[in-house]
Amino acid sequence: MTQKYVYLFNDYDAAMDKCGQDWEAVRSLLGGKGANLLDATRLDIPVPPGFTVTTETCNDYLEAGETFPSDSWEQILASVKSLEEQTGKKFGDPDNPLLVSCRSGAKFSMPGMMDTILNIGLNDQIVEILATRAHRPRFAWDIYRRLIHMFGSVVMGVPDEVFEAVITAQRRESRVKSDTELDAEAWKSVTQRFKKIFKTYTGTKFPSDPYEQLRLATEAVFKSWNGKRAIDYRNASNIPHDLGTAVNIQTMVFGNMGEDSATGVFMSRNATTGDPHLEGDFLVNAQGEDVVAGTRQTMRISEMGDIMPEMYKELQEISDRLEKHHRNMQDMEFTVEQGKMWLLQTRDGKRTAQAEVRIAVDMVEEGLISREDAVRRVKPEQIDFFLHPQLDPEAVKNASPIAEGLNVSPGAAVGVIAFEPDLAERWGKEEGKNVILVRPETRPDDVHGMLAAKGVVTSKGGRTSHAALVARQFGTPAVVGVDAIEIDLENHRMTIGEDLVIREGEYLSIDGNLGLIYHANLPTVEPDIKDPYLLKVLEWADEFRTLGVRANADYPADAQRAREYGAKGIGLCRTEHMFFAEERLPIMQRMITAANDAERFEAIDQLMPMQRSDFDGLFRAMDGLPVIIRLLDPPLHEFLPSAHDLMLELTDLKLHLQHMTSLKEMDATLEKIRQKTALLERVESLHESNPMLGTRGVRLGILIPRLYEMQVQAIFEAASRCAEDGIDVHPEVMIPLVSHVGELEAIVDPLTDIAKRVCAEAGVEVPVIFGTMIEIPRAALTAGEIAGTAEFFSFGTNDLTQTTYGISRDDAETGFLVHYMQTRMLKDNPFTSIDPNGVGRLMELAIEEGRKTRGSLEIGVCGEHGGDPKSIHLCHKLGVDYVSCSPFRVPIARLAAAHAALADG
Ligand code: PEP
Ligand code: MG
């Protein structure tokens, strides 16, 4: 039997048989558009008769060097015959002409593919007869000029603007403002010019043979599959290149045949809000492209209820039936031809995140889909929409970004640029301005500026850079690693390329979702986490998921927010963030630079009440839930100024000294020089070639025991006080960067003693639990030993990725890794999604060995991966108990955890 290349719209059964009753396979064979038209025809929806040339034909055509495979063209001709029988018209017959449209239709809707060509089948002879005998001269010339225009630009590549220029000139000549006012004569003269343009640009006459028009149009669709735009789009959207496109040939129906005709596009529900009413536009007496092109003022679809009540009712019925059938919101095109309704196309409608959520919930309540379906439909990334302000989509349409970076913290921010954190703070806090802090990169002592800013941009750094981490923590939109920006801090300006110079104080708008930056003051739209539909979806998600979700939070306000977003506890409190606060940093620096133990302990004791009150706030916010507090982790030098800066300051001070006239001033400066020199010596003595692998985490706790002792005392004093107030406290103390069980053994006992003594003195019962981070491969490999001392594990997947891969987390988004991603050697950035074959296997081993030693071992993940849906799937599979992520990602993690559980069946 010869291969079947063409399916009539009423060939549903044949298509299903060929595809083994698999609807997805039908979509692959006939493309989304063709499959849906077959389906609608079967449902007795009025679809103009037509047929689909399969995607296989396209692939064979391209493979054979642009030649129609075997008898495919003959099958197309036979299908045209069938259309003639169904419509009673004849292709190429001047007396009763059949006209058709030709459209591409891949499995996935794809911008960049060839568009529609309408009115195929017309020529000089037919148009004359249509104009005279059918007494429709204006209609006839109008549709003919459209054919030559579309055929010329879409099939033959004649620039569209040339055709448009003729129409504009004709309007001027006819002294009219809009195309609708142009009469038959005007369109006739436009048509003659179009034909001349066609000949000039293509070197051939416009083909008068309808079959040649059809063949060239079909071939143009096939070829457009390999057009540059289509290939780029497929690359960007991960669509395979071997799918091919189908071609849909459909009988023309006309919405421009008078006042009883119309055409329009509409959605079965509002695509922005999800409101369950028809939404769209239509025009009376027009062809489809008039609606889309925006050349005429369209009417809202609801107005059709007044103008054509019968037709509107039918439209609503069609919409309801298609929605019920597809169990999804539909995006449809229709034409009314002299009082008869025709549906031209239907597909699942694109919608905003807000609409997605509302439609999912409404459809559950309407009995169209199940709760599982609703949860599955909402993508975790879509939740971001509800958590942060977004750039107004309307405004974005007319704006172009000036640069792109990494989208590390979602949401939109708009404000004036400040290059210095102090200035950002002054403008933001004292002057109430919206500020965007722009820095080459950020450091701990920039945090006050980051906190005062609405958004953060850095020209360097990756996904786990300081800027990214802190911005995510505070829910501040951020774009980092924007390497197109050259920042000139000295002159308070930045440049992009040769020409664009932007100064401090000018406006910047940033889109943290897409990593885009605009040199503009764009409007934003506010988020709403309390959206009742979102809350419903999340509530359903919680019913399905088995993985727990906690938050990484360092301050009571973050903890409060995390709880509102559904976190069941704190999985990581990074205590070092508490020391970066402006008033605490000097004490911390005194502690580090102390000349002797007495001075050091004095500084540590000064920090103690501050720590206690931090923990107090966290426990109260998390009443009844676990709070994991990690003891100090980063290398000490991070709290100190850079040696380079200190040297410059010292040089400055010494220069000043030479010009001083007052002895008092000289004494003060000499003292300053003494202090700075001492500080510089300390900074230099703390210098390590590779501080990331140096004296940090537990190593610090062992070298300066008083530091961890102070922290543990503060934790349990706060816990005891809360317990006395009736708060249900569950502190858990976490030791960072352990690589050998000996490190834990050395410190856990003395720290446990302190904790127990504090609780005993207060006369309260508070659980005393010590656990560890697993963030060094050796810790994972020896997890069995470590679990002998540690009562819980939390995977620090940031450091675990860094140390497993041997890639610095601070340079993760630059250099060779970017190259690896661009060349697709690596599919995912390992700092964004857990590397399943490396880091994932270490985790698997650690979980297995850890639980062998201690059956009740609770295991979490608190690296940035804890909020990444792909990593969450892996964590679910590995049997992790919970993930912990920034408060703003908690709802996303809840949904992703539900998806993981549903995928698991
Ligand atoms: C980690 O390494 O994954 C982690 C959570 O710790 P930090 O990012 O603070 O080093
Ligand atoms: Mg770490």
# chains A, B, ... in the order shown; residues from 1 in each chain; ligands from 1

call {"tool": "residues_near_ligand", "arguments": {"ligand": "ligand 1", "cutoff": "10 Å", "atoms": "only C-alpha atoms and all ligand atoms", "output": "PDB file with N, CA, C and O atoms, in the first residue's frame"}}
result
ATOM      1  N   THR A 464      25.565  31.790  42.453  1.00  0.00           N
ATOM      2  CA  THR A 464      25.743  31.678  43.898  1.00  0.00           C
ATOM      3  C   THR A 464      26.686  32.771  44.390  1.00  0.00           C
ATOM      4  O   THR A 464      27.288  32.648  45.438  1.00  0.00           O
ATOM      5  N   SER A 465      26.810  33.838  43.605  1.00  0.00           N
ATOM      6  CA  SER A 465      27.641  34.957  44.046  1.00  0.00           C
ATOM      7  C   SER A 465      26.975  35.607  45.246  1.00  0.00           C
ATOM      8  O   SER A 465      25.782  35.391  45.510  1.00  0.00           O
ATOM      9  N   HIS A 466      27.714  36.399  45.948  1.00  0.00           N
ATOM     10  CA  HIS A 466      27.167  37.083  47.125  1.00  0.00           C
ATOM     11  C   HIS A 466      25.910  37.861  46.747  1.00  0.00           C
ATOM     12  O   HIS A 466      24.890  37.792  47.427  1.00  0.00           O
ATOM     13  N   LEU A 469      22.901  35.502  46.178  1.00  0.00           N
ATOM     14  CA  LEU A 469      22.457  34.860  47.416  1.00  0.00           C
ATOM     15  C   LEU A 469      21.664  35.825  48.288  1.00  0.00           C
ATOM     16  O   LEU A 469      20.563  35.533  48.752  1.00  0.00           O
ATOM     17  N   ASN A 552      15.156  29.066  54.181  1.00  0.00           N
ATOM     18  CA  ASN A 552      16.423  29.636  54.619  1.00  0.00           C
ATOM     19  C   ASN A 552      16.101  31.052  55.061  1.00  0.00           C
ATOM     20  O   ASN A 552      15.734  31.893  54.231  1.00  0.00           O
ATOM     21  N   GLY A 571      15.146  25.727  57.669  1.00  0.00           N
ATOM     22  CA  GLY A 571      16.125  24.688  57.363  1.00  0.00           C
ATOM     23  C   GLY A 571      17.547  25.204  57.441  1.00  0.00           C
ATOM     24  O   GLY A 571      18.491  24.428  57.526  1.00  0.00           O
ATOM     25  N   LEU A 572      17.691  26.527  57.372  1.00  0.00           N
ATOM     26  CA  LEU A 572      19.034  27.109  57.475  1.00  0.00           C
ATOM     27  C   LEU A 572      18.931  28.573  57.893  1.00  0.00           C
ATOM     28  O   LEU A 572      18.324  29.381  57.198  1.00  0.00           O
ATOM     29  N   CYS A 573      19.517  28.856  59.063  1.00  0.00           N
ATOM     30  CA  CYS A 573      19.713  30.254  59.453  1.00  0.00           C
ATOM     31  C   CYS A 573      21.208  30.470  59.391  1.00  0.00           C
ATOM     32  O   CYS A 573      21.975  29.838  60.121  1.00  0.00           O
ATOM     33  N   ARG A 574      21.654  31.325  58.453  1.00  0.00           N
ATOM     34  CA  ARG A 574      23.103  31.579  58.309  1.00  0.00           C
ATOM     35  C   ARG A 574      23.469  32.667  59.310  1.00  0.00           C
ATOM     36  O   ARG A 574      23.233  33.846  59.062  1.00  0.00           O
ATOM     37  N   THR A 575      24.067  32.270  60.436  1.00  0.00           N
ATOM     38  CA  THR A 575      24.276  33.268  61.490  1.00  0.00           C
ATOM     39  C   THR A 575      25.244  34.375  61.081  1.00  0.00           C
ATOM     40  O   THR A 575      25.169  35.470  61.614  1.00  0.00           O
ATOM     41  N   GLU A 576      26.108  34.106  60.127  1.00  0.00           N
ATOM     42  CA  GLU A 576      27.050  35.172  59.751  1.00  0.00           C
ATOM     43  C   GLU A 576      26.322  36.407  59.214  1.00  0.00           C
ATOM     44  O   GLU A 576      26.782  37.523  59.362  1.00  0.00           O
ATOM     45  N   HIS A 577      25.149  36.181  58.615  1.00  0.00           N
ATOM     46  CA  HIS A 577      24.408  37.336  58.096  1.00  0.00           C
ATOM     47  C   HIS A 577      24.019  38.285  59.216  1.00  0.00           C
ATOM     48  O   HIS A 577      23.848  39.469  59.020  1.00  0.00           O
ATOM     49  N   ARG A 630      22.700  27.493  61.933  1.00  0.00           N
ATOM     50  CA  ARG A 630      24.052  27.059  61.586  1.00  0.00           C
ATOM     51  C   ARG A 630      25.058  27.991  62.245  1.00  0.00           C
ATOM     52  O   ARG A 630      24.949  29.213  62.139  1.00  0.00           O
ATOM     53  N   LEU A 632      28.654  29.917  62.912  1.00  0.00           N
ATOM     54  CA  LEU A 632      29.386  30.771  61.971  1.00  0.00           C
ATOM     55  C   LEU A 632      30.193  29.969  60.932  1.00  0.00           C
ATOM     56  O   LEU A 632      30.894  29.036  61.279  1.00  0.00           O
ATOM     57  N   ASP A 633      30.078  30.381  59.673  1.00  0.00           N
ATOM     58  CA  ASP A 633      30.673  29.592  58.592  1.00  0.00           C
ATOM     59  C   ASP A 633      31.796  30.270  57.810  1.00  0.00           C
ATOM     60  O   ASP A 633      32.822  29.655  57.546  1.00  0.00           O
ATOM     61  N   PRO A 634      31.660  31.546  57.416  1.00  0.00           N
ATOM     62  CA  PRO A 634      32.630  32.046  56.421  1.00  0.00           C
ATOM     63  C   PRO A 634      33.992  32.351  57.024  1.00  0.00           C
ATOM     64  O   PRO A 634      34.115  32.503  58.231  1.00  0.00           O
ATOM     65  N   MET A 692      38.065  29.820  50.345  1.00  0.00           N
ATOM     66  CA  MET A 692      36.897  28.933  50.267  1.00  0.00           C
ATOM     67  C   MET A 692      37.219  27.556  50.846  1.00  0.00           C
ATOM     68  O   MET A 692      36.360  26.834  51.304  1.00  0.00           O
ATOM     69  N   ARG A 696      37.363  28.103  57.575  1.00  0.00           N
ATOM     70  CA  ARG A 696      35.962  28.496  57.707  1.00  0.00           C
ATOM     71  C   ARG A 696      35.207  27.352  58.352  1.00  0.00           C
ATOM     72  O   ARG A 696      35.763  26.279  58.592  1.00  0.00           O
ATOM     73  N   GLY A 697      33.924  27.589  58.655  1.00  0.00           N
ATOM     74  CA  GLY A 697      33.064  26.550  59.210  1.00  0.00           C
ATOM     75  C   GLY A 697      33.623  25.994  60.507  1.00  0.00           C
ATOM     76  O   GLY A 697      34.196  26.720  61.328  1.00  0.00           O
ATOM     77  N   PRO A 736      28.831  23.612  60.248  1.00  0.00           N
ATOM     78  CA  PRO A 736      29.148  23.645  58.805  1.00  0.00           C
ATOM     79  C   PRO A 736      30.536  23.090  58.455  1.00  0.00           C
ATOM     80  O   PRO A 736      31.425  23.044  59.299  1.00  0.00           O
ATOM     81  N   LEU A 737      30.664  22.724  57.203  1.00  0.00           N
ATOM     82  CA  LEU A 737      31.939  22.367  56.561  1.00  0.00           C
ATOM     83  C   LEU A 737      32.718  21.235  57.237  1.00  0.00           C
ATOM     84  O   LEU A 737      33.938  21.231  57.253  1.00  0.00           O
ATOM     85  N   MET A 773      26.188  19.861  58.390  1.00  0.00           N
ATOM     86  CA  MET A 773      25.999  19.999  56.948  1.00  0.00           C
ATOM     87  C   MET A 773      26.866  18.953  56.272  1.00  0.00           C
ATOM     88  O   MET A 773      27.946  18.626  56.757  1.00  0.00           O
ATOM     89  N   ILE A 774      26.357  18.445  55.174  1.00  0.00           N
ATOM     90  CA  ILE A 774      27.186  17.568  54.341  1.00  0.00           C
ATOM     91  C   ILE A 774      27.473  18.390  53.086  1.00  0.00           C
ATOM     92  O   ILE A 774      26.606  18.569  52.232  1.00  0.00           O
ATOM     93  N   GLU A 775      28.670  18.947  53.013  1.00  0.00           N
ATOM     94  CA  GLU A 775      28.977  19.843  51.882  1.00  0.00           C
ATOM     95  C   GLU A 775      30.395  19.666  51.375  1.00  0.00           C
ATOM     96  O   GLU A 775      30.895  20.470  50.597  1.00  0.00           O
ATOM     97  N   ILE A 776      31.028  18.604  51.855  1.00  0.00           N
ATOM     98  CA  ILE A 776      32.369  18.249  51.384  1.00  0.00           C
ATOM     99  C   ILE A 776      32.279  16.776  50.980  1.00  0.00           C
ATOM    100  O   ILE A 776      31.702  15.978  51.726  1.00  0.00           O
ATOM    101  N   SER A 794      22.175  18.032  56.704  1.00  0.00           N
ATOM    102  CA  SER A 794      21.582  18.928  55.712  1.00  0.00           C
ATOM    103  C   SER A 794      22.622  19.118  54.607  1.00  0.00           C
ATOM    104  O   SER A 794      23.746  19.528  54.883  1.00  0.00           O
ATOM    105  N   PHE A 795      22.248  18.767  53.399  1.00  0.00           N
ATOM    106  CA  PHE A 795      23.208  18.880  52.295  1.00  0.00           C
ATOM    107  C   PHE A 795      23.376  20.344  51.907  1.00  0.00           C
ATOM    108  O   PHE A 795      22.405  20.999  51.515  1.00  0.00           O
ATOM    109  N   GLY A 796      24.604  20.835  52.032  1.00  0.00           N
ATOM    110  CA  GLY A 796      24.925  22.178  51.546  1.00  0.00           C
ATOM    111  C   GLY A 796      25.355  22.013  50.100  1.00  0.00           C
ATOM    112  O   GLY A 796      26.538  21.865  49.804  1.00  0.00           O
ATOM    113  N   THR A 797      24.398  21.995  49.226  1.00  0.00           N
ATOM    114  CA  THR A 797      24.704  21.609  47.841  1.00  0.00           C
ATOM    115  C   THR A 797      25.491  22.682  47.082  1.00  0.00           C
ATOM    116  O   THR A 797      26.040  22.403  46.024  1.00  0.00           O
ATOM    117  N   ASN A 798      25.552  23.906  47.633  1.00  0.00           N
ATOM    118  CA  ASN A 798      26.404  24.920  46.980  1.00  0.00           C
ATOM    119  C   ASN A 798      27.861  24.500  47.104  1.00  0.00           C
ATOM    120  O   ASN A 798      28.583  24.395  46.113  1.00  0.00           O
ATOM    121  N   ASP A 799      28.271  24.261  48.340  1.00  0.00           N
ATOM    122  CA  ASP A 799      29.665  23.860  48.549  1.00  0.00           C
ATOM    123  C   ASP A 799      29.913  22.446  48.041  1.00  0.00           C
ATOM    124  O   ASP A 799      30.994  22.144  47.540  1.00  0.00           O
ATOM    125  N   LEU A 800      28.907  21.583  48.183  1.00  0.00           N
ATOM    126  CA  LEU A 800      29.108  20.200  47.727  1.00  0.00           C
ATOM    127  C   LEU A 800      29.323  20.168  46.208  1.00  0.00           C
ATOM    128  O   LEU A 800      30.129  19.388  45.688  1.00  0.00           O
ATOM    129  N   THR A 801      28.630  21.054  45.495  1.00  0.00           N
ATOM    130  CA  THR A 801      28.831  21.129  44.046  1.00  0.00           C
ATOM    131  C   THR A 801      30.211  21.697  43.750  1.00  0.00           C
ATOM    132  O   THR A 801      30.947  21.183  42.905  1.00  0.00           O
ATOM    133  N   GLN A 802      30.549  22.747  44.478  1.00  0.00           N
ATOM    134  CA  GLN A 802      31.863  23.380  44.276  1.00  0.00           C
ATOM    135  C   GLN A 802      32.987  22.371  44.481  1.00  0.00           C
ATOM    136  O   GLN A 802      33.915  22.282  43.680  1.00  0.00           O
ATOM    137  N   THR A 803      32.887  21.599  45.563  1.00  0.00           N
ATOM    138  CA  THR A 803      34.000  20.715  45.899  1.00  0.00           C
ATOM    139  C   THR A 803      33.957  19.404  45.116  1.00  0.00           C
ATOM    140  O   THR A 803      34.979  18.770  44.916  1.00  0.00           O
ATOM    141  N   ARG A 809      32.399  28.267  43.163  1.00  0.00           N
ATOM    142  CA  ARG A 809      31.007  28.728  43.064  1.00  0.00           C
ATOM    143  C   ARG A 809      30.935  30.209  42.712  1.00  0.00           C
ATOM    144  O   ARG A 809      29.937  30.682  42.176  1.00  0.00           O
ATOM    145  N   PHE A 831      25.267  24.488  39.441  1.00  0.00           N
ATOM    146  CA  PHE A 831      24.971  25.330  40.594  1.00  0.00           C
ATOM    147  C   PHE A 831      23.494  25.733  40.625  1.00  0.00           C
ATOM    148  O   PHE A 831      23.019  26.308  41.587  1.00  0.00           O
ATOM    149  N   VAL A 861      18.008  19.454  52.447  1.00  0.00           N
ATOM    150  CA  VAL A 861      18.901  20.112  51.478  1.00  0.00           C
ATOM    151  C   VAL A 861      18.703  21.607  51.664  1.00  0.00           C
ATOM    152  O   VAL A 861      17.566  22.086  51.648  1.00  0.00           O
ATOM    153  N   CYS A 862      19.809  22.338  51.885  1.00  0.00           N
ATOM    154  CA  CYS A 862      19.627  23.770  52.131  1.00  0.00           C
ATOM    155  C   CYS A 862      20.458  24.646  51.204  1.00  0.00           C
ATOM    156  O   CYS A 862      20.509  25.854  51.385  1.00  0.00           O
ATOM    157  N   GLY A 863      21.111  24.059  50.189  1.00  0.00           N
ATOM    158  CA  GLY A 863      21.803  24.896  49.197  1.00  0.00           C
ATOM    159  C   GLY A 863      20.764  25.583  48.314  1.00  0.00           C
ATOM    160  O   GLY A 863      19.560  25.326  48.449  1.00  0.00           O
ATOM    161  N   GLU A 864      21.238  26.416  47.410  1.00  0.00           N
ATOM    162  CA  GLU A 864      20.302  27.145  46.535  1.00  0.00           C
ATOM    163  C   GLU A 864      19.418  26.187  45.741  1.00  0.00           C
ATOM    164  O   GLU A 864      18.326  26.536  45.296  1.00  0.00           O
ATOM    165  N   HIS A 865      19.886  24.961  45.547  1.00  0.00           N
ATOM    166  CA  HIS A 865      19.120  23.970  44.795  1.00  0.00           C
ATOM    167  C   HIS A 865      17.787  23.637  45.456  1.00  0.00           C
ATOM    168  O   HIS A 865      16.888  23.123  44.804  1.00  0.00           O
ATOM    169  N   GLY A 866      17.663  23.943  46.745  1.00  0.00           N
ATOM    170  CA  GLY A 866      16.432  23.610  47.467  1.00  0.00           C
ATOM    171  C   GLY A 866      15.197  24.279  46.879  1.00  0.00           C
ATOM    172  O   GLY A 866      14.070  23.842  47.139  1.00  0.00           O
ATOM    173  N   SER A 884      15.043  23.125  51.782  1.00  0.00           N
ATOM    174  CA  SER A 884      14.940  24.433  52.409  1.00  0.00           C
ATOM    175  C   SER A 884      15.412  25.478  51.406  1.00  0.00           C
ATOM    176  O   SER A 884      16.451  25.313  50.770  1.00  0.00           O
ATOM    177  N   CYS A 885      14.628  26.539  51.253  1.00  0.00           N
ATOM    178  CA  CYS A 885      14.960  27.534  50.235  1.00  0.00           C
ATOM    179  C   CYS A 885      14.561  28.917  50.728  1.00  0.00           C
ATOM    180  O   CYS A 885      13.946  29.036  51.792  1.00  0.00           O
TER     181      CYS A 885
END

call {"tool": "residues_around", "arguments": {"residues": "region 783-789 of chain A", "least_positions_apart": "2", "cutoff": "7 Å", "atoms": "only C-alpha atoms", "output": "list in words"}}
result
Val741, Leu744, Glu745, Ala779, Ala780, Leu781, Glu791, Ala846, Glu849, Gly850, Lys852, Thr853 and Arg854 of chain A

call {"tool": "write_last_selection", "arguments": {"atoms": "all heavy atoms", "output": "compact mmCIF listing (two decimals), in the first residue's frame"}}
result
# COMPACT_ATOMS: atom_id res chain seq x y z
N VAL A 741 34.88 13.13 60.92
CA VAL A 741 34.02 12.97 62.10
C VAL A 741 34.71 13.52 63.35
O VAL A 741 34.04 14.00 64.29
CB VAL A 741 33.60 11.48 62.27
CG1 VAL A 741 34.80 10.60 62.63
CG2 VAL A 741 32.51 11.34 63.31
N LEU A 744 33.62 16.91 64.45
CA LEU A 744 32.35 16.95 65.18
C LEU A 744 32.54 16.47 66.61
O LEU A 744 32.06 17.09 67.57
CB LEU A 744 31.33 16.03 64.50
CG LEU A 744 30.45 16.60 63.41
CD1 LEU A 744 29.45 15.54 62.99
CD2 LEU A 744 29.72 17.84 63.88
N GLU A 745 33.28 15.38 66.73
CA GLU A 745 33.47 14.80 68.06
C GLU A 745 34.16 15.81 68.99
O GLU A 745 33.87 15.87 70.18
CB GLU A 745 34.31 13.52 67.96
CG GLU A 745 33.50 12.36 67.39
CD GLU A 745 34.38 11.18 66.95
OE1 GLU A 745 35.62 11.30 66.96
OE2 GLU A 745 33.81 10.14 66.59
N ALA A 779 32.79 14.18 53.61
CA ALA A 779 31.72 14.02 54.59
C ALA A 779 30.66 13.06 54.04
O ALA A 779 30.14 12.19 54.75
CB ALA A 779 31.10 15.36 54.92
N ALA A 780 30.36 13.21 52.75
CA ALA A 780 29.36 12.32 52.13
C ALA A 780 29.87 10.89 52.13
O ALA A 780 29.13 9.94 52.44
CB ALA A 780 29.06 12.79 50.71
N LEU A 781 31.16 10.74 51.79
CA LEU A 781 31.72 9.38 51.69
C LEU A 781 31.82 8.69 53.06
O LEU A 781 31.81 7.47 53.14
CB LEU A 781 33.11 9.44 51.03
CG LEU A 781 33.10 9.87 49.56
CD1 LEU A 781 34.50 10.21 49.09
CD2 LEU A 781 32.48 8.78 48.68
N GLU A 791 23.05 14.24 64.61
CA GLU A 791 21.67 13.74 64.73
C GLU A 791 20.82 14.09 63.50
O GLU A 791 19.70 13.62 63.37
CB GLU A 791 21.03 14.30 66.00
CG GLU A 791 21.67 13.73 67.26
CD GLU A 791 21.18 14.40 68.51
OE1 GLU A 791 21.77 15.44 68.89
OE2 GLU A 791 20.20 13.92 69.10
N ALA A 846 25.44 9.08 50.90
CA ALA A 846 25.42 9.63 52.25
C ALA A 846 24.10 9.31 52.95
O ALA A 846 24.07 9.00 54.14
CB ALA A 846 25.64 11.14 52.19
N GLU A 849 24.20 5.47 53.83
CA GLU A 849 25.13 5.14 54.92
C GLU A 849 24.71 5.81 56.23
O GLU A 849 24.81 5.23 57.30
CB GLU A 849 26.54 5.60 54.55
CG GLU A 849 26.98 5.07 53.22
CD GLU A 849 27.96 3.93 53.33
OE1 GLU A 849 28.91 4.08 54.09
OE2 GLU A 849 27.73 2.90 52.65
N GLY A 850 24.24 7.06 56.10
CA GLY A 850 23.83 7.81 57.29
C GLY A 850 22.68 7.11 58.00
O GLY A 850 22.68 6.93 59.21
N LYS A 852 21.89 4.05 57.75
CA LYS A 852 22.29 2.72 58.26
C LYS A 852 22.77 2.88 59.71
O LYS A 852 22.47 2.07 60.57
CB LYS A 852 23.42 2.17 57.37
CG LYS A 852 23.13 0.73 56.90
CD LYS A 852 24.33 0.14 56.20
CE LYS A 852 24.20 0.29 54.68
NZ LYS A 852 25.46 0.01 54.00
N THR A 853 23.50 3.95 59.94
CA THR A 853 24.01 4.18 61.30
C THR A 853 22.90 4.65 62.23
O THR A 853 22.81 4.25 63.37
CB THR A 853 25.12 5.25 61.27
OG1 THR A 853 26.13 4.82 60.38
CG2 THR A 853 25.70 5.50 62.64
N ARG A 854 22.08 5.58 61.72
CA ARG A 854 21.06 6.19 62.57
C ARG A 854 19.75 6.18 61.78
O ARG A 854 19.52 7.03 60.91
CB ARG A 854 21.48 7.63 62.90
CG ARG A 854 20.64 8.30 63.98
CD ARG A 854 21.05 9.77 64.12
NE ARG A 854 22.36 9.94 64.75
CZ ARG A 854 22.55 10.08 66.06
NH1 ARG A 854 21.52 10.06 66.89
NH2 ARG A 854 23.76 10.24 66.54

call {"tool": "residues_around", "arguments": {"residues": "region 75-82 of chain A", "least_positions_apart": "2", "cutoff": "9 Å", "atoms": "only C-alpha atoms", "output": "list in words"}}
result
Lys4, Tyr5, Val6, Tyr7, Leu8, Gly50, Phe51, Thr52, Val53, Asp71, Ser72, Trp73, Glu84, Glu85, Gln86, Thr87, Lys90, Phe91, Tyr211 and Ile249 of chain A

call {"tool": "select_by_dssp", "arguments": {"residues": "region 325-360 of chain A", "states": "strand (DSSP E)", "output": "PDB file with C-alpha atoms, in the first residue's frame"}}
result
ATOM      1  CA  GLN A 330      -9.250  27.412  23.851  1.00  0.00           C
ATOM      2  CA  ASP A 331      -7.891  30.063  21.511  1.00  0.00           C
ATOM      3  CA  MET A 332     -10.119  30.157  18.415  1.00  0.00           C
ATOM      4  CA  GLU A 333     -10.584  31.889  15.083  1.00  0.00           C
ATOM      5  CA  PHE A 334     -13.936  32.184  13.392  1.00  0.00           C
ATOM      6  CA  THR A 335     -15.615  33.690  10.382  1.00  0.00           C
ATOM      7  CA  VAL A 336     -19.269  34.435   9.797  1.00  0.00           C
ATOM      8  CA  GLU A 337     -20.028  34.293   6.082  1.00  0.00           C
ATOM      9  CA  LYS A 340     -23.245  31.216   8.683  1.00  0.00           C
ATOM     10  CA  MET A 341     -20.733  30.515  11.472  1.00  0.00           C
ATOM     11  CA  TRP A 342     -17.436  28.777  10.671  1.00  0.00           C
ATOM     12  CA  LEU A 343     -14.666  27.794  13.044  1.00  0.00           C
ATOM     13  CA  LEU A 344     -11.246  28.111  11.388  1.00  0.00           C
ATOM     14  CA  GLN A 345      -8.912  27.087  14.150  1.00  0.00           C
ATOM     15  CA  THR A 346      -8.774  26.031  17.778  1.00  0.00           C
ATOM     16  CA  ARG A 347      -5.872  25.353  20.109  1.00  0.00           C
ATOM     17  CA  ASP A 348      -5.037  25.528  23.799  1.00  0.00           C
TER      18      ASP A 348
END

call {"tool": "select_by_dssp", "arguments": {"residues": "region 358-560 of chain A", "states": "helix (DSSP H, G or I)", "output": "NGL selection string"}}
result
:A and (358-365 or 371-377 or 380-387 or 393-397 or 421-430 or 444-452 or 466-474 or 532-544 or 556-560)

call {"tool": "residues_around", "arguments": {"residues": "Ile628 (chain A)", "least_positions_apart": "4", "cutoff": "9 Å", "atoms": "only C-alpha atoms", "output": "list of chain:residue names"}}
result
A:Gly569, A:Ile570, A:Gly571, A:Leu572, A:Cys573, A:His730, A:Pro731, A:Glu732, A:Val733, A:Met734

call {"tool": "atom_distance", "arguments": {"atom1": "CA of Gly726 (chain A)", "atom2": "CA of Glu765 (chain A)"}}
result
11.5 Å

call {"tool": "residues_around", "arguments": {"residues": "region 392-409 of chain A", "least_positions_apart": "3", "cutoff": "10 Å", "atoms": "only C-alpha atoms", "output": "PyMOL selection string"}}
result
chain A and resi 384+388-389+412+455-465+467-485+496-497+500+508-526+813+832+888-889
